[in-house]
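Asks: What follows is model_16.cif, mmCIF, C-alpha atoms and all ligand atoms.
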```cif
data_data
#
loop_
_atom_site.label_atom_id
_atom_site.label_comp_id
_atom_site.auth_asym_id
_atom_site.auth_seq_id
_atom_site.Cartn_x
_atom_site.Cartn_y
_atom_site.Cartn_z
CA MET F 52 -2.24 17.68 31.53
CA LYS F 53 -2.85 14.74 33.80
CA VAL F 54 -0.82 12.85 36.38
CA LEU F 55 -1.61 9.28 37.40
CA MET F 56 -0.93 8.68 41.10
CA ILE F 57 -0.79 5.05 42.18
CA ASN F 58 -1.50 4.36 45.85
CA GLY F 59 0.34 1.14 46.68
CA SER F 60 -0.96 0.87 50.23
CA PRO F 61 -3.60 -1.71 51.19
CA ASN F 62 -5.18 1.17 53.17
CA GLU F 63 -7.16 3.22 50.69
CA LYS F 64 -7.27 6.41 52.76
CA GLY F 65 -4.21 5.92 55.00
CA CYS F 66 -0.87 7.66 55.31
CA THR F 67 0.28 7.05 51.73
CA TYR F 68 -2.98 8.50 50.43
CA THR F 69 -2.54 11.54 52.70
CA ALA F 70 0.93 12.18 51.31
CA LEU F 71 -0.20 11.63 47.70
CA SER F 72 -3.06 14.07 48.28
CA GLU F 73 -0.61 16.76 49.39
CA VAL F 74 1.28 16.35 46.08
CA ALA F 75 -2.02 16.33 44.17
CA GLY F 76 -3.12 19.58 45.85
CA GLN F 77 -0.14 21.45 44.40
CA LEU F 78 -0.50 19.87 40.96
CA ASN F 79 -4.18 20.84 40.91
CA GLN F 80 -3.36 24.41 41.98
CA GLN F 81 -1.03 24.58 38.97
CA GLY F 82 -3.79 23.40 36.65
CA VAL F 83 -2.66 19.79 36.38
CA GLU F 84 -5.37 17.12 36.72
CA THR F 85 -4.70 14.14 38.99
CA GLN F 86 -6.15 10.68 39.49
CA ILE F 87 -5.32 8.63 42.57
CA TYR F 88 -5.54 4.96 41.68
CA HIS F 89 -5.72 2.55 44.62
CA ILE F 90 -4.28 -0.89 43.87
CA GLY F 91 -6.53 -2.39 46.54
CA SER F 92 -5.94 -4.85 49.35
CA GLY F 93 -6.45 -8.07 47.41
CA ALA F 94 -3.84 -10.45 46.07
CA ILE F 95 -1.66 -9.18 43.24
CA ALA F 96 0.13 -11.78 41.17
CA GLY F 97 3.78 -11.32 40.41
CA CYS F 98 5.19 -11.36 36.89
CA ILE F 99 5.73 -14.94 35.65
CA ASN F 100 7.96 -13.88 32.75
CA CYS F 101 5.70 -15.54 30.14
CA GLY F 102 6.44 -12.76 27.64
CA LYS F 103 2.86 -12.67 26.31
CA CYS F 104 2.64 -8.94 27.00
CA ALA F 105 5.33 -8.34 24.39
CA LYS F 106 2.75 -9.34 21.75
CA THR F 107 -0.48 -7.98 23.23
CA GLY F 108 0.74 -5.01 25.25
CA TYR F 109 -1.22 -6.30 28.25
CA CYS F 110 -0.66 -8.72 31.11
CA ILE F 111 -2.26 -12.18 30.93
CA PHE F 112 -3.57 -11.71 34.50
CA ASN F 113 -6.80 -9.72 34.56
CA GLU F 114 -7.78 -10.06 38.21
CA ASP F 115 -6.31 -6.75 39.36
CA GLY F 116 -5.81 -3.22 38.06
CA VAL F 117 -2.54 -3.65 36.16
CA ASN F 118 -4.08 -3.70 32.68
CA GLU F 119 -6.27 -0.70 33.47
CA CYS F 120 -3.18 1.16 34.67
CA ILE F 121 -1.26 0.32 31.48
CA ASP F 122 -3.89 2.37 29.61
CA LEU F 123 -4.11 5.08 32.26
CA LEU F 124 -0.35 5.58 32.34
CA SER F 125 -0.03 5.47 28.55
CA GLN F 126 -2.52 8.34 28.37
CA ALA F 127 -1.16 10.30 31.37
CA ASP F 128 1.57 12.94 31.20
CA GLY F 129 3.23 11.99 34.47
CA LEU F 130 3.30 9.40 37.24
CA VAL F 131 3.59 9.40 41.02
CA VAL F 132 3.84 6.09 42.85
CA GLY F 133 3.28 5.96 46.61
CA SER F 134 4.01 3.04 48.92
CA PRO F 135 4.20 2.35 52.63
CA VAL F 136 7.55 1.01 53.78
CA TYR F 137 7.47 -2.68 54.66
CA TYR F 138 10.76 -4.03 55.97
CA ALA F 139 12.70 -1.15 54.43
CA ALA F 140 11.18 -1.78 50.98
CA PRO F 141 8.04 -0.90 49.04
CA THR F 142 5.19 -3.36 49.74
CA GLY F 143 5.25 -6.72 47.98
CA GLN F 144 1.94 -5.80 46.35
CA ILE F 145 3.19 -2.60 44.71
CA CYS F 146 6.38 -4.31 43.51
CA ALA F 147 4.30 -7.11 41.94
CA PHE F 148 1.99 -4.50 40.41
CA LEU F 149 4.82 -2.38 39.00
CA ASP F 150 6.79 -5.38 37.71
CA ARG F 151 3.80 -6.23 35.53
CA LEU F 152 2.98 -2.62 34.66
CA PHE F 153 6.51 -1.94 33.41
CA PHE F 154 7.96 -5.22 32.12
CA LEU F 155 8.17 -5.13 28.28
CA LYS F 156 5.80 -2.14 28.21
CA SER F 157 7.91 0.69 29.55
CA HIS F 158 8.55 2.15 26.08
CA LYS F 159 4.98 3.49 26.31
CA TYR F 160 5.93 5.59 29.33
CA ALA F 161 9.24 7.06 28.15
CA TYR F 162 9.80 10.79 28.79
CA LYS F 163 6.87 11.09 31.21
CA PRO F 164 8.13 12.69 34.44
CA ALA F 165 7.80 10.38 37.43
CA ALA F 166 8.29 10.41 41.17
CA ALA F 167 8.11 7.97 44.07
CA ILE F 168 6.95 8.77 47.58
CA VAL F 169 7.11 6.49 50.60
CA ASN F 170 5.63 6.55 54.07
CA CYS F 171 7.09 4.85 57.10
CA ARG F 172 6.64 4.96 60.83
CA ARG F 173 10.35 5.22 61.48
CA GLY F 174 12.98 3.67 59.17
CA GLY F 175 13.73 2.22 55.76
CA ALA F 176 12.32 5.12 53.72
CA SER F 177 15.43 5.75 51.67
CA ALA F 178 15.88 2.13 50.60
CA ALA F 179 12.20 1.84 49.61
CA TYR F 180 12.39 5.14 47.71
CA ASP F 181 15.47 3.98 45.80
CA ARG F 182 13.76 0.73 44.81
CA LEU F 183 10.74 2.55 43.33
CA ASN F 184 12.92 4.97 41.38
CA LYS F 185 14.51 2.00 39.62
CA TYR F 186 11.31 1.52 37.57
CA PHE F 187 11.60 5.06 36.21
CA THR F 188 15.29 5.27 35.50
CA ILE F 189 15.27 2.06 33.44
CA SER F 190 12.34 3.44 31.42
CA SER F 191 13.67 6.84 30.26
CA MET F 192 11.30 8.55 32.68
CA PRO F 193 12.80 11.76 34.08
CA VAL F 194 12.65 11.67 37.87
CA VAL F 195 11.13 14.74 39.48
CA PRO F 196 13.14 16.06 42.42
CA SER F 197 12.00 17.71 45.63
CA GLN F 198 13.75 19.38 48.57
CA TYR F 199 14.48 16.03 50.27
CA TRP F 200 14.09 12.32 49.43
CA ASN F 201 10.35 11.91 49.25
CA SER F 202 9.19 10.41 52.53
CA THR F 203 6.60 11.14 55.17
CA HIS F 204 6.69 9.68 58.65
CA GLY F 205 3.87 8.43 60.84
CA PHE F 206 1.42 5.66 61.55
CA THR F 207 -1.87 7.49 60.97
CA PRO F 208 -3.01 10.20 58.56
CA GLU F 209 -3.24 12.61 61.54
CA GLN F 210 0.43 12.02 62.33
CA ILE F 211 1.41 12.47 58.68
CA ARG F 212 -0.29 15.86 58.62
CA LYS F 213 1.90 16.84 61.58
CA ASP F 214 5.11 15.85 59.74
CA GLY F 215 5.83 19.42 58.66
CA GLU F 216 8.98 18.71 56.67
CA GLY F 217 7.52 15.60 55.04
CA MET F 218 4.41 17.46 53.94
CA GLN F 219 6.48 20.37 52.65
CA THR F 220 8.59 17.89 50.67
CA MET F 221 5.35 16.60 49.11
CA ARG F 222 4.19 20.13 48.21
CA THR F 223 7.57 20.99 46.69
CA LEU F 224 7.41 17.78 44.68
CA GLY F 225 3.97 18.72 43.34
CA ARG F 226 5.13 22.18 42.27
CA ASN F 227 8.35 20.83 40.74
CA MET F 228 6.37 18.25 38.79
CA ALA F 229 3.92 20.85 37.48
CA TRP F 230 6.86 23.02 36.41
CA MET F 231 8.56 20.09 34.66
CA LEU F 232 5.34 19.10 32.87
CA LYS F 233 4.83 22.65 31.62
CA CYS F 234 8.46 22.90 30.43
CA PHE F 235 8.13 19.60 28.54
CA ASP F 236 4.84 20.69 27.06
CA LEU F 237 6.34 23.96 25.79
CA ALA F 238 9.38 22.15 24.40
CA LYS F 239 7.53 19.39 22.59
CA ASP F 240 7.21 21.28 19.29
CA GLN F 241 10.69 22.82 19.55
CA VAL F 242 12.96 20.03 20.73
CA PRO F 243 12.72 16.56 19.20
CA LEU F 244 12.82 13.54 21.49
CA PRO F 245 16.30 12.01 21.75
CA GLU F 246 17.27 9.65 18.97
CA LYS F 247 17.00 5.99 19.96
CA GLU F 248 19.60 3.40 19.07
CA GLU F 249 18.60 -0.16 18.38
CA ARG F 250 18.70 -1.88 21.72
CA ILE F 251 21.76 -3.89 22.65
CA SER F 252 21.12 -6.67 25.14
CA THR F 253 24.15 -8.41 26.58
CA HIS F 254 24.58 -10.68 29.56
CA PHE F 255 28.20 -9.95 30.37
CA ILE F 256 29.10 -13.13 28.48
CA MET F 257 31.95 -13.17 25.94
CA ASP F 258 30.92 -15.31 22.95
C1 LIG F 301 4.57 -5.82 57.15
C2 LIG F 301 4.90 -4.44 57.61
C3 LIG F 301 6.23 -4.03 57.64
C4 LIG F 301 6.55 -2.74 58.03
N1 LIG F 301 7.87 -2.35 58.02
C5 LIG F 301 8.19 -1.09 58.37
C6 LIG F 301 9.54 -0.64 58.29
O1 LIG F 301 10.45 -1.32 57.83
N2 LIG F 301 9.82 0.62 58.73
C7 LIG F 301 8.85 1.44 59.24
O2 LIG F 301 9.16 2.54 59.63
N3 LIG F 301 7.56 1.07 59.26
C8 LIG F 301 7.20 -0.18 58.85
N4 LIG F 301 5.88 -0.55 58.85
C9 LIG F 301 4.84 0.47 59.15
C10 LIG F 301 4.25 1.00 57.85
O3 LIG F 301 5.26 1.62 57.07
C11 LIG F 301 3.10 1.99 58.10
O4 LIG F 301 2.10 1.30 58.80
C12 LIG F 301 2.56 2.50 56.77
O5 LIG F 301 3.51 3.34 56.18
C13 LIG F 301 1.26 3.23 56.94
O6 LIG F 301 0.88 3.71 55.65
P1 LIG F 301 -0.56 3.40 55.05
O7 LIG F 301 -1.54 3.98 56.03
O8 LIG F 301 -0.61 4.12 53.75
O9 LIG F 301 -0.69 1.92 54.89
C14 LIG F 301 5.53 -1.84 58.46
C15 LIG F 301 4.19 -2.27 58.44
C16 LIG F 301 3.88 -3.54 58.01
C17 LIG F 301 2.43 -3.96 57.96
#
```
Kindly present the structure from the file in structure tokens form.
Replies:
Amino acid sequence: MKVLMINGSPNEKGCTYTALSEVAGQLNQQGVETQIYHIGSGAIAGCINCGKCAKTGYCIFNEDGVNECIDLLSQADGLVVGSPVYYAAPTGQICAFLDRLFFLKSHKYAYKPAAAIVNCRRGGASAAYDRLNKYFTISSMPVVPSQYWNSTHGFTPEQIRKDGEGMQTMRTLGRNMAWMLKCFDLAKDQVPLPEKEERISTHFIMD
């Protein structure tokens, strides 16, 4: 079993990485493999709604890691996305990255457990966390819970390590995710996936 962990911070080994590593430690202890994927500090284009990915399964933009992550996530059993909090939201870069990772492709990720974690110095964690969870709950991805809403607090990795409750929340998340993955794995031959209806798409307009 493998979990893809996307680090949405421009800082490769910063606070977000430190928090993701605490989750990874518990997953690894439970026999679950992890891969931390850094989205980098370069420009990440936003989705331009061209719809080409509906035909090819991939984004037309190849300059960043989105297309690589489409394959990595399709093959993974679970997903953790981490982001620093910028103005009470996930970073613009991770939102652009996830828009293109998920738009018209999320059927490939259905039923894979997912979790978001955020790091902030002081405020806005809850709003950023909610925004990231929106990608999962629109994609039939079960959201993995922890003992608190998943945030760590600090400005440096050293400070994050001193956030006792934040780090414990990360460890609990890792163990809960490992447990959920093992339950799903045991159930896969016993319980069929839920039946899917043909999709209805309405725009609140009465024709
Ligand atoms: C543009 C910008 C906006 C930020 N906005 C917030 C904020 O709203 N709340 C907060 O507590 N920290 C804010 N911060 C601090 C970052 O959350 C903090 O530096 C980051 O979580 C560190 O994580 P990293 O080392 O993984 O990048 C902001 C930082 C930047 C650069």
Asks: Just checking: using only C-alpha atoms and all ligand atoms, which residue out of F:Tyr138, F:Phe148, F:Tyr109, F:Phe235 ends up closest to ligand LIG 301 (chain F)?
Replies: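 Result for the nearest residue to ligand LIG 301 (chain F): F:Tyr138.
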Asks: Using all atoms listed in the file, find each residue of chain F with at least one atom at most 9 Å away from an atom of ligand LIG 301 (chain F); report its shortest atom-to-atom pair and that distance in Å (one decimal), sort the rows by chain and rising residue number, and return the result as a Markdown table.
Replies:
```
| residue | atom | partner | partner_atom | distance |
| --- | --- | --- | --- | --- |
| F:Asn58 | CA | F:LIG301 | O8 | 8.0 |
| F:Gly59 | CA | F:LIG301 | O8 | 7.7 |
| F:Ser60 | CA | F:LIG301 | O9 | 4.8 |
| F:Pro61 | CA | F:LIG301 | O9 | 5.9 |
| F:Asn62 | CA | F:LIG301 | O9 | 4.9 |
| F:Glu63 | CA | F:LIG301 | O8 | 7.3 |
| F:Lys64 | CA | F:LIG301 | O7 | 7.0 |
| F:Gly65 | CA | F:LIG301 | O7 | 3.5 |
| F:Cys66 | CA | F:LIG301 | O7 | 3.8 |
| F:Thr67 | CA | F:LIG301 | O8 | 3.7 |
| F:Tyr68 | CA | F:LIG301 | O8 | 6.0 |
| F:Thr69 | CA | F:LIG301 | O8 | 7.7 |
| F:Ala70 | CA | F:LIG301 | O8 | 8.6 |
| F:Gly133 | CA | F:LIG301 | O8 | 8.3 |
| F:Ser134 | CA | F:LIG301 | O8 | 6.8 |
| F:Pro135 | CA | F:LIG301 | O5 | 3.7 |
| F:Val136 | CA | F:LIG301 | O3 | 4.1 |
| F:Tyr137 | CA | F:LIG301 | N1 | 3.4 |
| F:Tyr138 | CA | F:LIG301 | O1 | 3.3 |
| F:Ala139 | CA | F:LIG301 | O1 | 4.1 |
| F:Ala140 | CA | F:LIG301 | O1 | 6.9 |
| F:Pro141 | CA | F:LIG301 | O3 | 8.9 |
| F:Thr142 | CA | F:LIG301 | C1 | 7.8 |
| F:Val169 | CA | F:LIG301 | O5 | 7.3 |
| F:Asn170 | CA | F:LIG301 | O5 | 4.4 |
| F:Cys171 | CA | F:LIG301 | O3 | 3.7 |
| F:Arg172 | CA | F:LIG301 | O2 | 3.7 |
| F:Arg173 | CA | F:LIG301 | O2 | 3.5 |
| F:Gly174 | CA | F:LIG301 | O2 | 4.0 |
| F:Gly175 | CA | F:LIG301 | N2 | 5.2 |
| F:Ala176 | CA | F:LIG301 | O2 | 7.2 |
| F:Ala179 | CA | F:LIG301 | O1 | 9.0 |
| F:Thr203 | CA | F:LIG301 | O5 | 8.5 |
| F:His204 | CA | F:LIG301 | O5 | 7.5 |
| F:Gly205 | CA | F:LIG301 | O5 | 6.9 |
| F:Phe206 | CA | F:LIG301 | O4 | 5.2 |
| F:Thr207 | CA | F:LIG301 | O7 | 6.1 |
| F:Pro208 | CA | F:LIG301 | O7 | 6.9 |
```
Asks: Could you tell me which of F:Ile145, F:Phe154, F:Val83, F:Val131 comes closest to Ile99 in chain F if we count all atoms listed in the file?
Replies: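 Nearest to Ile99 in chain F: F:Phe154.
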Asks: Could you tell me how far CA of Phe112 in chain F lies from CA of Gln126 in chain F, in Å and to one decimal?
Replies: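 These atoms are spaced 21.0 Å apart.
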Asks: Out of F:Val195, F:Leu155, F:Ile168, F:Cys98, which residue has the shortest atom-to-atom distance to Ala229 in chain F when counting only C-alpha atoms?
Replies: F:Val195
Asks: Write out as a PyMOL selection string the residues lying within 12 Å of Val117 in chain F, counting only C-alpha atoms and excluding same-chain residues fewer than 5 positions away.
Replies: chain F and resi 57+59+88-91+95-98+104+108-112+122-124+144-154+156
Asks: Measure the distance from CA of Tyr199 in chain F to CA of Asp236 in chain F in Å and round it to one decimal.
Replies: 25.6 Å
Asks: From the list F:Tyr160, F:Phe255, F:Trp200, F:Trp230, which residue is nearest Phe187 in chain F when using only C-alpha atoms?
Replies: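 Going through F:Tyr160, F:Phe255, F:Trp200, F:Trp230 one by one, the smallest distance to Phe187 in chain F is for F:Tyr160.
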Asks: Calculate how many Å separate CA of Gly215 in chain F from CA of Gln80 in chain F, rounding to one decimal.
Replies: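 So the two atoms, CA of Gly215 in chain F and CA of Gln80 in chain F, lie 19.7 Å apart.
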